[in-house]
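Source file: model-v1.cif; contents: mmCIF, C-alpha atoms.
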```cif
data_query
#
loop_
_atom_site.label_atom_id
_atom_site.label_comp_id
_atom_site.auth_asym_id
_atom_site.auth_seq_id
_atom_site.Cartn_x
_atom_site.Cartn_y
_atom_site.Cartn_z
CA MET A 1 98.59 170.75 67.14
CA ASN A 2 100.84 167.87 66.13
CA LYS A 3 100.54 164.39 67.51
CA ARG A 4 103.47 162.88 69.40
CA LYS A 5 103.75 159.31 70.58
CA ILE A 6 105.54 158.17 73.72
CA GLU A 7 106.62 154.54 73.77
CA PRO A 8 106.04 152.28 76.81
CA GLN A 9 109.69 152.69 77.80
CA LYS A 10 109.79 156.37 78.77
CA HIS A 11 112.61 158.90 78.80
CA ILE A 12 112.46 160.52 82.24
CA ALA A 13 114.43 163.57 83.38
CA LEU A 14 115.09 163.82 87.12
CA VAL A 15 116.18 167.16 88.57
CA ALA A 16 116.34 168.34 92.19
CA HIS A 17 117.62 171.39 93.97
CA ASP A 18 120.05 170.80 96.84
CA ASN A 19 117.43 170.94 99.61
CA LYS A 20 115.18 168.56 97.64
CA LYS A 21 117.80 165.95 96.65
CA PRO A 22 117.10 163.73 99.71
CA GLU A 23 113.37 163.79 98.91
CA LEU A 24 113.95 162.91 95.25
CA LEU A 25 116.37 160.15 96.21
CA ASP A 26 113.83 158.72 98.66
CA TRP A 27 111.13 158.88 95.96
CA ALA A 28 113.42 157.21 93.42
CA ARG A 29 114.34 154.50 95.93
CA TYR A 30 110.64 153.78 96.52
CA ASN A 31 110.03 153.64 92.74
CA GLN A 32 113.33 151.98 91.82
CA GLY A 33 111.72 148.97 90.15
CA THR A 34 109.57 151.16 87.92
CA LEU A 35 112.37 153.60 87.12
CA ALA A 36 114.69 150.74 86.16
CA ARG A 37 112.39 149.92 83.23
CA HIS A 38 112.84 153.37 81.69
CA PHE A 39 115.62 155.60 80.35
CA LEU A 40 116.76 158.07 83.00
CA TYR A 41 118.41 161.46 82.60
CA ALA A 42 119.48 163.85 85.34
CA THR A 43 121.43 166.96 86.04
CA GLY A 44 124.89 166.66 87.63
CA THR A 45 124.77 165.87 91.32
CA THR A 46 121.27 164.41 91.17
CA GLY A 47 122.44 161.93 88.54
CA ASP A 48 125.54 161.08 90.55
CA LEU A 49 123.39 160.37 93.63
CA LEU A 50 120.98 158.14 91.67
CA VAL A 51 123.86 156.11 90.26
CA LYS A 52 125.74 155.86 93.56
CA GLU A 53 122.82 155.24 95.91
CA LEU A 54 120.52 153.16 93.69
CA GLY A 55 122.77 151.78 90.97
CA LEU A 56 120.40 152.99 88.27
CA PRO A 57 121.87 153.81 84.86
CA VAL A 58 121.49 157.55 84.29
CA THR A 59 122.55 159.78 81.42
CA ARG A 60 123.98 162.79 83.21
CA TYR A 61 123.95 166.40 82.10
CA PHE A 62 125.89 169.25 83.68
CA SER A 63 124.92 170.52 87.10
CA GLY A 64 121.93 172.89 86.92
CA PRO A 65 123.87 176.12 87.58
CA LEU A 66 126.47 175.07 84.99
CA GLY A 67 123.92 174.61 82.20
CA GLY A 68 122.27 171.30 83.05
CA ASP A 69 118.78 172.82 83.28
CA GLN A 70 119.30 174.25 79.80
CA GLN A 71 120.47 170.87 78.51
CA VAL A 72 117.33 169.22 79.87
CA GLY A 73 115.24 172.00 78.30
CA ALA A 74 116.89 171.43 74.93
CA ALA A 75 116.21 167.69 75.19
CA LEU A 76 112.54 168.46 75.95
CA ALA A 77 112.31 170.72 72.91
CA GLU A 78 113.94 168.07 70.72
CA GLY A 79 111.46 165.40 71.86
CA LYS A 80 114.14 163.35 73.65
CA ILE A 81 112.52 163.61 77.11
CA ASP A 82 109.00 162.28 77.70
CA PHE A 83 108.45 163.70 81.15
CA LEU A 84 110.11 165.72 83.84
CA ILE A 85 110.38 165.10 87.56
CA PHE A 86 111.75 168.35 88.99
CA PHE A 87 111.76 168.71 92.76
CA TRP A 88 112.55 172.41 92.99
CA ASP A 89 112.85 174.39 96.17
CA PRO A 90 110.33 177.27 96.26
CA LEU A 91 111.85 178.67 99.46
CA GLU A 92 115.48 178.92 98.37
CA PRO A 93 116.56 181.46 95.73
CA GLN A 94 118.74 179.92 93.05
CA PRO A 95 121.48 181.73 91.13
CA HIS A 96 120.17 180.15 87.94
CA ASP A 97 116.47 181.04 88.42
CA PRO A 98 116.13 182.20 84.78
CA ASP A 99 117.26 178.75 83.60
CA ILE A 100 114.74 177.08 85.91
CA LYS A 101 111.93 179.27 84.63
CA ALA A 102 112.97 178.53 81.05
CA LEU A 103 112.98 174.78 81.72
CA LEU A 104 109.50 174.86 83.23
CA ARG A 105 108.25 177.10 80.39
CA LEU A 106 109.49 174.60 77.81
CA ALA A 107 107.86 171.71 79.67
CA VAL A 108 104.52 173.51 79.51
CA LEU A 109 105.03 174.66 75.91
CA TYR A 110 105.77 171.14 74.67
CA ASN A 111 102.99 169.56 76.77
CA ILE A 112 105.43 167.45 78.79
CA PRO A 113 104.04 165.82 81.94
CA THR A 114 105.87 167.54 84.79
CA ALA A 115 105.96 166.83 88.51
CA CYS A 116 107.35 169.50 90.80
CA ASN A 117 106.59 167.68 94.04
CA ARG A 118 106.36 164.16 95.37
CA ALA A 119 102.57 163.89 95.28
CA THR A 120 102.43 164.71 91.58
CA ALA A 121 105.40 162.43 90.87
CA ASP A 122 103.55 159.61 92.66
CA PHE A 123 100.48 160.10 90.48
CA ILE A 124 102.52 160.19 87.27
CA ILE A 125 104.71 157.17 88.03
CA SER A 126 101.72 155.07 89.13
CA SER A 127 99.58 155.95 86.13
CA PRO A 128 98.56 153.02 83.91
CA LEU A 129 99.87 155.14 81.03
CA MET A 130 103.43 154.50 82.24
CA GLY A 131 103.47 151.02 80.73
CA GLN A 132 101.86 151.70 77.40
CA ASP A 133 102.03 153.83 74.27
CA TYR A 134 100.65 157.30 74.78
CA GLU A 135 99.75 159.73 72.03
CA PHE A 136 99.28 163.38 72.86
CA SER A 137 99.12 166.78 71.22
CA ALA A 138 102.33 168.70 70.85
CA PRO A 139 102.26 172.33 69.79
CA ASP A 140 102.54 173.24 66.14
CA LEU A 141 105.23 175.89 66.25
CA GLU A 142 105.62 176.20 62.48
CA ARG A 143 104.18 179.72 62.43
CA TYR A 144 106.98 180.82 64.75
CA ALA A 145 109.68 179.23 62.60
CA SER A 146 109.18 181.87 59.89
CA HIS A 147 110.27 184.54 62.38
CA ARG A 148 113.76 183.13 62.71
CA ASN A 149 116.59 185.06 61.16
CA PRO A 150 117.81 183.41 57.96
CA ARG A 151 121.56 182.98 57.59
#
```

With the file now loaded, output its structure as structure tokens.
Amino acid sequence: MNKRKIEPQKHIALVAHDNKKPELLDWARYNQGTLARHFLYATGTTGDLLVKELGLPVTRYFSGPLGGDQQVGAALAEGKIDFLIFFWDPLEPQPHDPDIKALLRLAVLYNIPTACNRATADFIISSPLMGQDYEFSAPDLERYASHRNPR
């Protein structure tokens, strides 16, 4: 395993399916002061809502079905996102389910703290680790790199 350090000012990705957007917005409103101290990223409509309703600065990716989930996944893999708040809807099938599964797989692979519901998001955002450096183990994927096709 490799060590990775997260600075006190975190890079937080916020994603929510349509039926969960009101819940994420309510959660973000409640935690607005804390979120304002960090760098925020979001997929399309979720990002638009956060900017419009709360006035928080948000780097916006595409909408999830248009590739936004994949953009967030790439940012996770590149070490640009420190944790993921993803309020997904387990009762509503999504046309981009493979992208959602890939995003969650990458979050687990790269040992990214991930909240998929409000209770977990509450525990993460209120953790004393939010305001300090945090060092954790990231996977050593070097052995897999040799399997890539050379050009």

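Note on the selection: in this file the PyMOL selection byres ((chain A and resi 109) around 10) comes out as Leu76, Ala77, Leu103, Leu104, Arg105, Leu106, Ala107, Val108, Tyr110, Asn111, Ile112, Ala138, Pro139 and Leu141 of chain A.
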
For this file, the PyMOL selection byres ((chain A and resi 39-52) around 8) selects which residues, as a PDB file with C-alpha atoms, keeping the file's coordinate frame?
```pdb
ATOM      1  CA  GLN A   9     109.690 152.690  77.800  1.00  0.00           C
ATOM      2  CA  LYS A  10     109.790 156.370  78.770  1.00  0.00           C
ATOM      3  CA  HIS A  11     112.610 158.900  78.800  1.00  0.00           C
ATOM      4  CA  ILE A  12     112.460 160.520  82.240  1.00  0.00           C
ATOM      5  CA  ALA A  13     114.430 163.570  83.380  1.00  0.00           C
ATOM      6  CA  LEU A  14     115.090 163.820  87.120  1.00  0.00           C
ATOM      7  CA  VAL A  15     116.180 167.160  88.570  1.00  0.00           C
ATOM      8  CA  ALA A  16     116.340 168.340  92.190  1.00  0.00           C
ATOM      9  CA  LYS A  21     117.800 165.950  96.650  1.00  0.00           C
ATOM     10  CA  LEU A  25     116.370 160.150  96.210  1.00  0.00           C
ATOM     11  CA  ALA A  28     113.420 157.210  93.420  1.00  0.00           C
ATOM     12  CA  LEU A  35     112.370 153.600  87.120  1.00  0.00           C
ATOM     13  CA  ALA A  36     114.690 150.740  86.160  1.00  0.00           C
ATOM     14  CA  ARG A  37     112.390 149.920  83.230  1.00  0.00           C
ATOM     15  CA  HIS A  38     112.840 153.370  81.690  1.00  0.00           C
ATOM     16  CA  GLU A  53     122.820 155.240  95.910  1.00  0.00           C
ATOM     17  CA  LEU A  54     120.520 153.160  93.690  1.00  0.00           C
ATOM     18  CA  GLY A  55     122.770 151.780  90.970  1.00  0.00           C
ATOM     19  CA  LEU A  56     120.400 152.990  88.270  1.00  0.00           C
ATOM     20  CA  PRO A  57     121.870 153.810  84.860  1.00  0.00           C
ATOM     21  CA  VAL A  58     121.490 157.550  84.290  1.00  0.00           C
ATOM     22  CA  THR A  59     122.550 159.780  81.420  1.00  0.00           C
ATOM     23  CA  ARG A  60     123.980 162.790  83.210  1.00  0.00           C
ATOM     24  CA  TYR A  61     123.950 166.400  82.100  1.00  0.00           C
ATOM     25  CA  PHE A  62     125.890 169.250  83.680  1.00  0.00           C
ATOM     26  CA  SER A  63     124.920 170.520  87.100  1.00  0.00           C
ATOM     27  CA  GLY A  64     121.930 172.890  86.920  1.00  0.00           C
ATOM     28  CA  GLY A  68     122.270 171.300  83.050  1.00  0.00           C
ATOM     29  CA  ASP A  69     118.780 172.820  83.280  1.00  0.00           C
ATOM     30  CA  VAL A  72     117.330 169.220  79.870  1.00  0.00           C
TER      31      VAL A  72
END
```

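The smallest atom-to-atom distance between A:Tyr134 and any of A:Pro65, A:Asp82, A:Pro90, A:Leu24, using all atoms listed in the file, is found for A:Asp82.
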
Determine the axis-aligned bounding box of all atoms of stretch 79-85 of chain A present in the file, pad each side by 8 Å, and express its centre and edge lengths in Å to one decimal place as AutoDock Vina command-line options.
```
--center_x 111.3 --center_y 164.0 --center_z 79.7 --size_x 21.7 --size_y 19.4 --size_z 31.7
```

- request: Rank nothing, just name the residue among A:Asp89, A:Asp133, A:Glu78, A:Asp97 nearest to A:Asp18, using only C-alpha atoms.
  value: A:Asp89

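The coordinates place atom CA of A:Trp27 at 27.9 Å from atom CA of A:Arg4.
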
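The gap separating atom CA of A:Arg118 from atom CA of A:Glu23 is 7.9 Å, in Å to one decimal.
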
- request: Have a look at atom CA of A:Asn2 and atom CA of A:Pro113 and let me know their distance in Å, one decimal.
  value: 16.3 Å

- prompt: Smallest atom-to-atom distance to A:Gly33: which of A:Ile125, A:Ala119, A:Gln132, A:Leu91, using all atoms listed in the file?
  reply: A:Ile125

- prompt: Which residue, A:Leu66, A:Thr34, A:His17, A:Lys5, has the smallest gap to A:Ser127 when you use all atoms listed in the file?
  reply: A:Thr34

query: From the list A:Thr114, A:Pro128, A:Asp140, A:Asp122, which residue is nearest A:Phe83 when using all atoms listed in the file?
result: A:Thr114
